[in-house]
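**Student:** What follows is start.txt, compact mmCIF, C-alpha atoms.
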```txt
# COMPACT_ATOMS: atom_id res chain seq x y z
CA MET A 802 -20.87 -21.11 -9.23
CA ARG A 803 -19.40 -22.62 -12.38
CA ALA A 804 -21.02 -25.65 -14.02
CA GLN A 805 -19.64 -28.98 -12.88
CA THR A 806 -18.62 -31.27 -15.78
CA LEU A 807 -17.32 -34.83 -15.75
CA PRO A 808 -13.88 -35.16 -14.19
CA THR A 809 -10.80 -36.34 -16.03
CA VAL A 810 -11.08 -39.93 -14.80
CA THR A 811 -14.57 -40.26 -16.33
CA ARG A 812 -13.34 -38.89 -19.63
CA ARG A 813 -10.62 -41.52 -19.63
CA LEU A 814 -13.27 -44.21 -19.06
CA LEU A 815 -15.08 -42.92 -22.14
CA VAL A 816 -11.87 -43.24 -24.11
CA GLY A 817 -11.61 -46.79 -22.82
CA LEU A 818 -15.18 -47.39 -23.98
CA ASP A 819 -14.24 -46.14 -27.44
CA VAL A 820 -11.32 -48.55 -27.55
CA LEU A 821 -13.57 -51.40 -26.40
CA VAL A 822 -16.14 -50.65 -29.10
CA ALA A 823 -13.43 -50.51 -31.76
CA GLY A 824 -12.08 -53.87 -30.64
CA LEU A 825 -15.50 -55.53 -30.56
CA VAL A 826 -16.38 -54.14 -34.01
CA THR A 827 -13.20 -55.79 -35.24
CA VAL A 828 -14.30 -59.08 -33.62
CA ALA A 829 -17.69 -58.73 -35.33
CA VAL A 830 -15.95 -58.37 -38.71
CA LEU A 831 -13.69 -61.38 -38.03
CA ARG A 832 -16.62 -63.57 -36.95
CA PRO A 833 -19.26 -63.25 -39.67
CA ALA A 834 -22.37 -65.40 -39.65
CA ASP A 835 -22.20 -68.66 -41.60
CA SER A 836 -24.92 -67.57 -43.99
CA ALA A 837 -23.63 -64.00 -44.46
CA ARG A 838 -21.22 -62.78 -47.03
CA PRO A 839 -18.02 -61.15 -45.68
CA TRP A 840 -18.61 -57.91 -47.58
CA ALA A 841 -22.07 -57.58 -45.98
CA THR A 842 -20.56 -58.05 -42.52
CA LEU A 843 -17.83 -55.54 -43.27
CA LEU A 844 -20.35 -53.02 -44.59
CA ALA A 845 -22.63 -53.35 -41.55
CA ALA A 846 -19.66 -53.08 -39.16
CA ALA A 847 -18.35 -50.00 -40.99
CA ALA A 848 -21.78 -48.38 -40.83
CA PHE A 849 -21.97 -49.06 -37.07
CA ALA A 850 -18.44 -47.73 -36.50
CA ALA A 851 -19.07 -44.60 -38.57
CA LEU A 852 -22.35 -43.89 -36.80
CA TYR A 853 -20.71 -44.41 -33.41
CA ALA A 854 -17.75 -42.14 -34.24
CA THR A 855 -20.04 -39.43 -35.63
CA GLY A 856 -22.17 -39.41 -32.50
CA ARG A 857 -19.20 -39.38 -30.17
CA ALA A 858 -17.75 -36.41 -32.04
CA THR A 859 -20.96 -34.34 -32.10
CA ILE A 860 -22.87 -35.39 -28.97
CA ARG A 861 -20.34 -34.48 -26.28
CA VAL A 862 -22.30 -35.30 -23.16
CA HIS A 863 -19.12 -35.36 -21.08
CA GLU A 864 -18.64 -31.63 -21.63
CA ALA A 865 -22.04 -30.74 -20.15
CA PRO A 866 -22.81 -30.59 -16.42
CA LEU A 867 -23.67 -33.97 -14.96
CA ASP A 868 -26.97 -32.67 -13.62
CA ALA A 869 -27.98 -31.22 -17.01
CA GLY A 870 -31.07 -32.66 -18.62
CA ARG A 871 -30.41 -35.84 -20.60
CA GLY A 872 -32.60 -38.20 -22.57
CA ARG A 873 -33.92 -35.75 -25.19
CA TRP A 874 -35.00 -37.28 -28.46
CA TRP A 875 -32.78 -35.03 -30.55
CA PRO A 876 -29.96 -35.51 -31.07
CA ALA A 877 -28.98 -38.01 -28.33
CA GLY A 878 -32.09 -40.17 -28.50
CA ALA A 879 -32.00 -40.36 -32.30
CA TRP A 880 -28.34 -41.35 -32.25
CA ILE A 881 -28.88 -44.15 -29.73
CA ALA A 882 -31.92 -45.40 -31.66
CA ALA A 883 -29.92 -45.42 -34.90
CA LEU A 884 -27.12 -47.33 -33.18
CA ILE A 885 -29.58 -49.97 -31.96
CA VAL A 886 -31.04 -50.35 -35.45
CA VAL A 887 -27.63 -50.66 -37.14
CA TRP A 888 -26.42 -53.01 -34.41
CA THR A 889 -29.52 -55.18 -34.93
CA ILE A 890 -28.67 -55.43 -38.63
CA LEU A 891 -25.06 -56.26 -37.73
CA LEU A 892 -26.33 -59.09 -35.51
CA GLN A 893 -27.85 -60.73 -38.60
CA VAL A 894 -24.55 -60.90 -40.47
CA SER A 895 -22.07 -61.42 -37.60
CA ASP A 896 -21.97 -63.88 -34.71
CA GLY A 897 -19.44 -61.67 -32.85
CA ALA A 898 -21.67 -58.58 -32.92
CA LEU A 899 -23.50 -59.81 -29.81
CA TRP A 900 -20.51 -58.75 -27.69
CA LEU A 901 -21.24 -55.13 -28.59
CA ALA A 902 -24.33 -55.21 -26.36
CA PHE A 903 -22.45 -54.46 -23.13
CA PRO A 904 -20.52 -51.33 -24.26
CA LEU A 905 -23.69 -50.20 -26.04
CA MET A 906 -25.57 -50.42 -22.73
CA LEU A 907 -22.89 -48.39 -20.98
CA LEU A 908 -23.10 -45.76 -23.71
CA GLN A 909 -26.88 -45.60 -23.48
CA MET A 910 -26.82 -45.02 -19.72
CA HIS A 911 -24.17 -42.32 -20.10
CA VAL A 912 -25.84 -40.45 -22.95
CA LEU A 913 -29.51 -40.77 -22.03
CA GLY A 914 -29.26 -40.69 -18.25
CA PRO A 915 -30.85 -42.91 -15.60
CA ARG A 916 -34.40 -42.76 -17.02
CA ALA A 917 -34.31 -42.93 -20.79
CA GLY A 918 -31.05 -44.84 -20.57
CA VAL A 919 -32.66 -47.72 -18.64
CA LEU A 920 -35.37 -47.97 -21.31
CA ALA A 921 -32.74 -48.17 -24.04
CA VAL A 922 -30.84 -50.81 -22.04
CA VAL A 923 -34.01 -52.90 -21.76
CA VAL A 924 -34.51 -52.74 -25.53
CA THR A 925 -30.88 -53.69 -26.11
CA THR A 926 -31.18 -56.58 -23.64
CA VAL A 927 -34.29 -57.92 -25.36
CA VAL A 928 -32.63 -57.71 -28.79
CA ALA A 929 -29.48 -59.44 -27.51
CA ALA A 930 -31.47 -62.13 -25.70
CA VAL A 931 -33.65 -62.89 -28.73
CA ASP A 932 -30.65 -63.01 -31.04
CA GLY A 933 -28.75 -65.29 -28.66
CA MET A 934 -31.68 -67.65 -28.27
CA LEU A 935 -32.23 -67.77 -32.04
CA GLN A 936 -28.55 -68.53 -32.66
CA ARG A 937 -28.47 -71.42 -30.17
CA ALA A 938 -32.03 -72.64 -30.49
CA PRO A 939 -31.18 -75.87 -32.33
CA THR A 940 -28.59 -76.99 -29.75
CA ASP A 941 -29.37 -75.08 -26.49
CA THR A 942 -32.85 -74.71 -25.06
CA SER A 943 -31.72 -73.18 -21.69
CA ILE A 944 -32.19 -69.57 -20.62
CA ALA A 945 -28.44 -68.90 -20.69
CA PRO A 946 -28.61 -66.89 -23.92
CA ALA A 947 -31.15 -64.58 -22.26
CA LEU A 948 -29.55 -64.59 -18.82
CA GLY A 949 -26.18 -63.32 -20.09
CA PRO A 950 -27.54 -60.07 -21.62
CA ALA A 951 -29.73 -59.52 -18.54
CA VAL A 952 -26.75 -59.79 -16.18
CA GLY A 953 -24.73 -57.54 -18.48
CA ALA A 954 -27.56 -54.98 -18.44
CA ALA A 955 -27.73 -55.03 -14.65
CA VAL A 956 -23.98 -54.59 -14.39
CA ALA A 957 -24.01 -51.73 -16.94
CA VAL A 958 -26.80 -49.91 -15.09
CA ALA A 959 -25.20 -50.42 -11.67
CA VAL A 960 -21.73 -49.37 -12.83
CA THR A 961 -22.99 -46.24 -14.58
CA LEU A 962 -25.22 -45.13 -11.70
CA GLY A 963 -22.48 -45.83 -9.16
CA LEU A 964 -19.89 -43.95 -11.18
CA GLU A 965 -22.17 -40.94 -11.61
CA ALA A 966 -22.91 -40.98 -7.87
CA LEU A 967 -19.18 -40.83 -7.18
CA VAL A 968 -18.84 -38.00 -9.68
CA ARG A 969 -21.65 -36.04 -8.01
CA GLU A 970 -20.06 -36.56 -4.61
CA SER A 971 -16.71 -35.38 -5.97
CA GLN A 972 -18.34 -32.33 -7.52
CA GLU A 973 -20.18 -31.53 -4.29
CA ARG A 974 -16.92 -31.79 -2.38
CA GLN A 975 -15.32 -29.48 -4.93
CA ARG A 976 -18.17 -26.99 -4.51
CA MET A 977 -17.72 -27.09 -0.75
CA LEU A 978 -13.98 -26.49 -1.12
CA GLU A 979 -14.64 -23.52 -3.40
CA GLU A 980 -17.17 -22.11 -0.95
CA LEU A 981 -14.71 -22.57 1.91
CA ALA A 982 -12.01 -20.84 -0.12
CA ARG A 983 -14.33 -17.92 -0.83
CA ALA A 984 -15.37 -17.77 2.82
CA ARG A 985 -11.71 -17.80 3.85
CA ASP A 986 -10.97 -14.96 1.45
CA ASP A 987 -13.97 -13.02 2.78
CA VAL A 988 -12.82 -13.56 6.36
CA ALA A 989 -9.28 -12.49 5.47
CA ALA A 990 -10.60 -9.36 3.76
CA ALA A 991 -12.83 -8.59 6.76
CA GLU A 992 -9.89 -9.09 9.12
CA ARG A 993 -7.77 -6.74 7.02
CA GLU A 994 -10.54 -4.13 7.04
CA THR A 995 -10.97 -4.55 10.79
CA ALA A 996 -7.23 -4.21 11.36
CA VAL A 997 -7.15 -1.06 9.23
CA ALA A 998 -10.15 0.41 11.06
CA THR A 999 -8.63 -0.48 14.44
CA GLU A 1000 -5.33 1.14 13.56
CA ARG A 1001 -7.10 4.24 12.28
CA GLU A 1002 -9.06 4.46 15.50
CA ARG A 1003 -5.86 4.04 17.53
CA LEU A 1004 -4.13 6.80 15.62
CA ALA A 1005 -7.19 9.05 15.93
CA ARG A 1006 -7.25 8.54 19.70
CA GLU A 1007 -3.53 9.12 20.06
CA ILE A 1008 -3.62 12.25 17.93
CA HIS A 1009 -6.63 13.60 19.80
CA ASP A 1010 -5.22 12.87 23.25
CA THR A 1011 -1.70 14.13 22.53
CA LEU A 1012 -1.08 16.27 19.47
CA ALA A 1013 -4.50 17.90 19.24
CA GLN A 1014 -4.54 18.76 22.94
CA GLY A 1015 -0.97 20.04 22.76
CA TYR A 1016 -1.75 22.21 19.75
CA SER A 1017 -4.76 23.65 21.56
CA ALA A 1018 -2.59 24.51 24.55
CA ILE A 1019 0.06 26.07 22.31
CA GLU A 1020 -2.56 28.10 20.51
CA LEU A 1021 -3.98 29.44 23.80
CA LEU A 1022 -0.52 30.19 25.18
CA LEU A 1023 0.51 32.10 22.07
CA ARG A 1024 -2.73 34.06 22.03
CA ALA A 1025 -2.16 34.94 25.67
CA ALA A 1026 1.42 35.96 24.86
CA ALA A 1027 0.25 38.14 21.99
CA ARG A 1028 -2.25 39.77 24.32
CA ASP A 1029 0.47 40.68 26.82
CA VAL A 1030 3.16 41.80 24.37
CA GLY A 1031 3.84 45.49 25.08
CA HIS A 1032 1.91 45.35 28.36
CA ASP A 1033 3.67 42.64 30.35
CA ASP A 1034 6.65 41.34 28.40
CA ALA A 1035 7.81 39.06 31.21
CA ARG A 1036 4.54 37.22 31.30
CA ALA A 1037 4.46 37.10 27.48
CA HIS A 1038 7.89 35.45 27.49
CA ALA A 1039 6.65 32.98 30.11
CA TYR A 1040 3.76 32.06 27.82
CA ILE A 1041 6.15 31.58 24.89
CA ASP A 1042 8.42 29.36 26.98
CA GLN A 1043 5.46 27.23 28.01
CA ALA A 1044 4.35 27.00 24.37
CA ARG A 1045 7.86 25.88 23.36
CA SER A 1046 7.90 23.27 26.11
CA THR A 1047 4.48 21.99 25.05
CA ALA A 1048 5.65 21.76 21.43
CA GLN A 1049 8.65 19.67 22.51
CA GLU A 1050 6.40 17.36 24.50
CA ASN A 1051 4.08 17.04 21.48
CA LEU A 1052 7.02 16.06 19.29
CA ALA A 1053 8.09 13.40 21.80
CA GLU A 1054 4.55 12.06 22.07
CA ALA A 1055 4.20 11.90 18.28
CA ARG A 1056 7.32 9.78 18.04
CA ARG A 1057 6.10 7.52 20.83
CA PHE A 1058 2.65 6.72 19.49
CA VAL A 1059 4.06 6.13 15.98
CA ARG A 1060 6.14 3.40 17.65
CA ALA A 1061 3.08 2.32 19.72
CA LEU A 1062 4.96 2.98 22.97
CA ALA A 1063 3.55 3.83 26.37
CA PRO A 1064 2.88 7.50 27.22
CA ALA A 1065 5.95 9.51 28.21
CA ASP A 1066 4.35 10.29 31.59
CA LEU A 1067 4.70 6.60 32.51
CA ASP A 1068 8.43 6.45 31.81
CA GLY A 1069 10.05 5.29 35.05
CA ALA A 1070 7.04 6.42 37.06
CA THR A 1071 4.01 4.96 38.76
CA LEU A 1072 0.48 5.58 37.49
CA VAL A 1073 -0.15 8.02 40.35
CA ALA A 1074 3.05 9.92 39.52
CA ALA A 1075 2.01 10.05 35.86
CA LEU A 1076 -1.35 11.55 36.86
CA HIS A 1077 0.50 14.17 38.93
CA ARG A 1078 2.58 15.08 35.90
CA ILE A 1079 -0.56 15.50 33.79
CA ALA A 1080 -2.21 17.57 36.52
CA ASP A 1081 0.81 19.84 36.87
CA ARG A 1082 1.13 20.32 33.14
CA THR A 1083 -2.58 21.02 32.72
CA GLN A 1084 -2.61 23.46 35.59
CA ALA A 1085 0.41 25.33 34.21
CA ALA A 1086 -1.08 25.57 30.72
CA ALA A 1087 -4.65 26.43 31.76
CA VAL A 1088 -4.83 29.78 30.00
CA THR A 1089 -8.30 31.16 29.50
CA ASP A 1090 -9.05 32.11 25.91
CA PRO A 1091 -8.30 35.88 25.82
CA VAL A 1092 -11.04 36.58 23.29
CA ALA A 1093 -13.78 35.20 25.50
CA ASP A 1094 -16.01 38.02 26.71
CA ASP A 1095 -17.04 36.36 29.94
CA GLU A 1096 -13.48 35.82 31.24
CA PRO A 1097 -11.35 38.47 32.95
CA ARG A 1098 -8.39 39.76 31.02
CA HIS A 1099 -5.93 39.08 33.84
CA THR A 1100 -6.62 35.30 33.90
CA ALA A 1101 -3.27 33.50 33.72
CA PRO A 1102 -1.71 30.06 34.18
CA GLY A 1103 -2.59 28.79 37.62
CA SER A 1104 -6.23 29.89 37.40
CA LEU A 1105 -7.20 26.21 37.25
CA VAL A 1106 -6.28 24.07 40.24
CA VAL A 1107 -5.93 20.37 39.45
CA ARG A 1108 -5.70 17.88 42.33
CA VAL A 1109 -4.86 14.18 42.34
CA GLN A 1110 -6.36 11.83 44.93
CA THR A 1111 -5.97 8.09 45.41
CA SER A 1112 -7.83 5.60 47.56
CA GLY A 1113 -7.52 1.90 48.14
CA GLU A 1114 -4.29 -0.07 48.08
CA PRO A 1115 -2.17 1.19 45.18
CA ARG A 1116 -0.65 -1.54 43.01
CA ALA A 1117 1.03 -1.93 39.65
CA LEU A 1118 -1.39 -2.50 36.76
CA PRO A 1119 -0.79 -3.98 33.31
CA LEU A 1120 0.90 -1.49 31.03
CA GLN A 1121 -2.03 -1.14 28.62
CA VAL A 1122 -4.38 -0.38 31.52
CA GLU A 1123 -2.13 2.32 32.91
CA ALA A 1124 -1.58 3.77 29.42
CA ALA A 1125 -5.34 3.91 28.81
CA LEU A 1126 -5.96 5.65 32.16
CA VAL A 1127 -3.24 8.20 31.41
CA ARG A 1128 -4.70 8.95 27.97
CA ILE A 1129 -8.22 9.23 29.38
CA ALA A 1130 -7.01 11.62 32.06
CA GLN A 1131 -5.23 13.73 29.44
CA SER A 1132 -8.32 13.90 27.25
CA ALA A 1133 -10.71 14.63 30.11
CA LEU A 1134 -8.54 17.44 31.50
CA ALA A 1135 -8.15 18.88 28.01
CA ASN A 1136 -11.94 19.08 27.81
CA VAL A 1137 -11.96 20.82 31.18
CA VAL A 1138 -9.47 23.43 29.95
CA GLN A 1139 -11.10 24.02 26.58
CA HIS A 1140 -14.80 23.85 27.39
CA ALA A 1141 -15.57 23.84 31.12
CA ALA A 1142 -14.23 27.25 32.31
CA ALA A 1143 -13.60 25.49 35.60
CA ARG A 1144 -11.62 26.72 38.61
CA ASN A 1145 -11.04 23.29 40.15
CA ALA A 1146 -10.60 19.81 38.78
CA THR A 1147 -9.82 16.55 40.58
CA LEU A 1148 -8.37 13.27 39.35
CA SER A 1149 -9.52 10.51 41.72
CA LEU A 1150 -7.94 7.07 41.31
CA THR A 1151 -9.56 4.25 43.28
CA PHE A 1152 -8.04 0.77 43.56
CA LEU A 1153 -10.62 -1.93 44.29
CA SER A 1154 -10.02 -5.64 44.57
CA ASP A 1155 -11.26 -6.42 41.05
CA GLU A 1156 -11.14 -3.10 39.22
CA VAL A 1157 -9.66 0.36 39.11
CA ILE A 1158 -11.75 3.54 38.84
CA LEU A 1159 -10.67 6.93 37.55
CA ASP A 1160 -12.96 9.91 38.18
CA VAL A 1161 -12.30 13.31 36.58
CA VAL A 1162 -14.43 15.94 38.33
CA ASP A 1163 -14.62 19.67 37.57
CA ASP A 1164 -16.74 22.56 38.81
CA GLY A 1165 -17.15 24.11 35.38
CA ARG A 1166 -20.16 25.12 33.36
CA GLY A 1167 -21.20 21.55 32.48
CA PHE A 1168 -23.33 20.76 29.46
CA ASP A 1169 -26.48 18.99 28.34
CA PRO A 1170 -25.42 15.41 27.48
CA ASP A 1171 -28.54 14.90 25.34
CA ARG A 1172 -27.87 17.94 23.20
CA GLN A 1173 -25.91 17.42 20.02
CA PRO A 1174 -23.06 19.89 19.41
CA PRO A 1175 -23.39 22.23 16.42
CA PRO A 1176 -22.04 20.77 13.16
CA ASP A 1177 -19.56 23.63 12.81
CA ARG A 1178 -18.12 23.14 16.29
CA PRO A 1179 -14.66 21.52 16.20
CA GLY A 1180 -13.83 18.47 18.28
CA GLY A 1181 -16.44 16.09 19.63
CA PHE A 1182 -14.16 13.04 19.44
CA GLY A 1183 -12.88 13.10 23.01
CA LEU A 1184 -15.66 11.21 24.79
CA THR A 1185 -15.88 8.72 21.92
CA ALA A 1186 -12.15 8.01 22.13
CA MET A 1187 -12.27 7.65 25.93
CA ARG A 1188 -15.18 5.20 25.72
CA SER A 1189 -13.32 3.22 23.04
CA ARG A 1190 -10.22 2.93 25.23
CA ALA A 1191 -12.25 1.70 28.19
CA ARG A 1192 -14.26 -0.72 26.07
CA GLU A 1193 -11.14 -2.31 24.58
CA LEU A 1194 -10.08 -3.29 28.10
CA GLY A 1195 -13.49 -4.59 29.08
CA GLY A 1196 -14.38 -1.45 31.04
CA SER A 1197 -16.94 1.30 30.80
CA LEU A 1198 -17.09 5.09 30.85
CA THR A 1199 -19.95 7.22 32.15
CA VAL A 1200 -20.50 10.96 32.11
CA GLU A 1201 -22.60 12.83 34.67
CA THR A 1202 -23.23 16.49 33.95
CA SER A 1203 -25.84 19.18 33.57
CA PRO A 1204 -25.62 22.87 32.63
CA GLY A 1205 -24.04 24.86 35.48
CA ASP A 1206 -23.29 21.84 37.71
CA GLY A 1207 -19.88 20.74 36.49
CA THR A 1208 -18.98 17.38 34.99
CA VAL A 1209 -17.93 13.97 36.29
CA VAL A 1210 -16.23 11.51 33.91
CA ALA A 1211 -15.92 8.04 35.50
CA VAL A 1212 -14.08 5.15 33.91
CA ARG A 1213 -14.05 1.64 35.39
CA ILE A 1214 -11.59 -0.97 34.11
CA PRO A 1215 -11.38 -4.55 35.42
CA ASP A 1216 -8.11 -5.51 37.05
CA HIS A 1217 -6.81 -7.90 34.39
CA ASP A 1218 -4.48 -10.70 35.28
CA GLU A 1219 -1.19 -10.97 33.46
CA ASP A 1220 -2.38 -14.09 31.62
CA GLU A 1221 -5.45 -12.25 30.36
CA THR A 1222 -3.66 -9.23 29.00
CA GLY A 1223 -0.51 -10.92 27.80
CA GLN A 1224 1.48 -8.07 29.34
CA VAL A 1225 3.72 -8.23 32.35
CA PRO A 1226 3.65 -4.97 34.29
CA PRO A 1227 7.06 -3.34 34.14
CA ALA A 1228 8.99 -2.80 37.31
CA ARG A 1229 8.03 0.47 38.96
CA ALA A 1230 8.91 2.36 42.05
CA PRO A 1231 6.62 1.68 45.04
CA GLN A 1232 3.39 3.61 44.78
CA HIS A 1233 2.12 5.70 47.65
CA GLN A 1234 -1.17 7.33 48.45
CA GLU A 1235 -1.14 11.06 48.20
CA ASP A 1236 -3.50 14.00 47.80
CA ARG A 1237 -3.03 17.42 46.38
```
Go ahead and render the structure in this file as structure tokens.
**Tutor:**
Amino acid sequence: MRAQTLPTVTRRLLVGLDVLVAGLVTVAVLRPADSARPWATLLAAAAFAALYATGRATIRVHEAPLDAGRGRWWPAGAWIAALIVVWTILLQVSDGALWLAFPLMLLQMHVLGPRAGVLAVVVTTVVAAVDGMLQRAPTDTSIAPALGPAVGAAVAVAVTLGLEALVRESQERQRMLEELARARDDVAAAERETAVATERERLAREIHDTLAQGYSAIELLLRAAARDVGHDDARAHAYIDQARSTAQENLAEARRFVRALAPADLDGATLVAALHRIADRTQAAAVTDPVADDEPRHTAPGSLVVRVQTSGEPRALPLQVEAALVRIAQSALANVVQHAAARNATLSLTFLSDEVILDVVDDGRGFDPDRQPPPDRPGGFGLTAMRSRARELGGSLTVETSPGDGTVVAVRIPDHDEDETGQVPPARAPQHQEDR
């Protein structure tokens, strides 16, 4: 944090002090002592003024931090001591020089600080009191000549300490404002980074659940078509047609998630109908990888049977909840096609009073959930993306599987109210319970 120096208002007070000293030096010259020669008064006043101006030009206490150490003997202490000595001489040749005591006290407190400054003020008070009592001794035996400098000293000390306290408070407030500004900038930067990370995660999920899965299906369909070219041209053409259809769907999905729209399967359809669309599309595109040694060569679309089941009282859900369930179903079924080698898969949608549950069950080969996939194996983002979608809506996702026993992916999402989600469910056709 930068050093805190005296504010502008304090600097202006110092300028006012300079003007006051100049005026009182002039008064001292115009009111010489009766026994002093005018040239001696003028010489003493000039020496005081020159010494004062030299110190003010070289000892710039106002440019140093207020909490910096003050009261050192050199050069500040020597300057103040020299001023007191020259002022004491000026008192001997000028009756008006006594008025210089008050601005001199203010200067001492400012330059030397609250400790050494008070000592210098005491010395100045004693000198002024003695001089005043000596000047009025023949005609005035009261303590007024001593009381005046003492009151002036008290006022000078109180004013200086009070002013410096206000300056410290102002500087502390300024430090707090600077810290708040830095904290605000840090928060803004963190929010920007969070927004960027969130958008990247959204795009990664959308790409994984749409484009990546579509490309995988296209790749399998084209490999199957290449396998059957020259052997079964009709089936090869069917594979190519399915690949073309999948590519068109991928293009539509890409345009939709760039615009942050709902999945195409939800257009004008209920959630259950959207799950049926996904099931039908997955079942039609479930081509076993033709290079796999453990799969029969004649495996074709339709080798995987995907069913959709619902239970509970179907109802319309907020759009973001339905979109998340559709994306999770897409990703889970894509995992079934690519990794499970399953013959049957089931999408089970359960409507409870306070939540909705989607289970994706397959009878495939399963896997060891505690075993990390090889570093060179592609993918691995699907479960992470599904968990992220569920977590954003306050839900959870669990996976139950073991080698040879199939896999169950269960996602539970609370049934948000409209006020909580900020989304009003769009009008949909009445939902109905159905199995397949």
**Student:** Closest to Ser1203 (chain A) among A:Ala1146, A:Leu1153, A:Ala1141, A:Ala917, using all atoms listed in the file?
**Tutor:**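 Ranked by minimum distance to Ser1203 (chain A), first place goes to A:Ala1141.
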**Student:** Figure out the distance between CA of Ala1124 (chain A) and CA of Val1200 (chain A), please, to one decimal in Å.
**Tutor:**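 So the two atoms, CA of Val1200 (chain A) and CA of Ala1124 (chain A), lie 20.4 Å apart.
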**Student:** Tell me, in Å to one decimal, how far CA of Leu1076 (chain A) is from CA of Leu1150 (chain A).
**Tutor:**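 CA of Leu1076 (chain A) sits 9.1 Å away from CA of Leu1150 (chain A).
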**Student:** With a distance cut-off of 8 Å and all atoms listed in the file, select the neighbouring residues of region 831-848 of chain A, excluding the residue or stretch itself and same-chain residues fewer than 5 positions from it, and output the selection as a PDB file with C-alpha atoms, in the coordinates of the input.
**Tutor:**
```
ATOM      1  CA  VAL A 826     -16.380 -54.140 -34.010  1.00  0.00           C
ATOM      2  CA  VAL A 887     -27.630 -50.660 -37.140  1.00  0.00           C
ATOM      3  CA  ILE A 890     -28.670 -55.430 -38.630  1.00  0.00           C
ATOM      4  CA  LEU A 891     -25.060 -56.260 -37.730  1.00  0.00           C
ATOM      5  CA  GLN A 893     -27.850 -60.730 -38.600  1.00  0.00           C
ATOM      6  CA  VAL A 894     -24.550 -60.900 -40.470  1.00  0.00           C
ATOM      7  CA  SER A 895     -22.070 -61.420 -37.600  1.00  0.00           C
ATOM      8  CA  ASP A 896     -21.970 -63.880 -34.710  1.00  0.00           C
ATOM      9  CA  GLY A 897     -19.440 -61.670 -32.850  1.00  0.00           C
TER      10      GLY A 897
END
```
**Student:** Residues within 12 Å of Ala1013 (chain A), please, as a count of residues only. Count only C-alpha atoms; anything in the same chain fewer than 4 positions from it doesn't count.
**Tutor:** 25
**Student:** Determine the nearest neighbour of Asp1216 (chain A) from the options A:Val1109, A:Ala879, A:Leu935, A:Ala1117, counting all atoms listed in the file.
**Tutor:**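 Checking each candidate against Asp1216 (chain A), we get A:Ala1117 as the closest.
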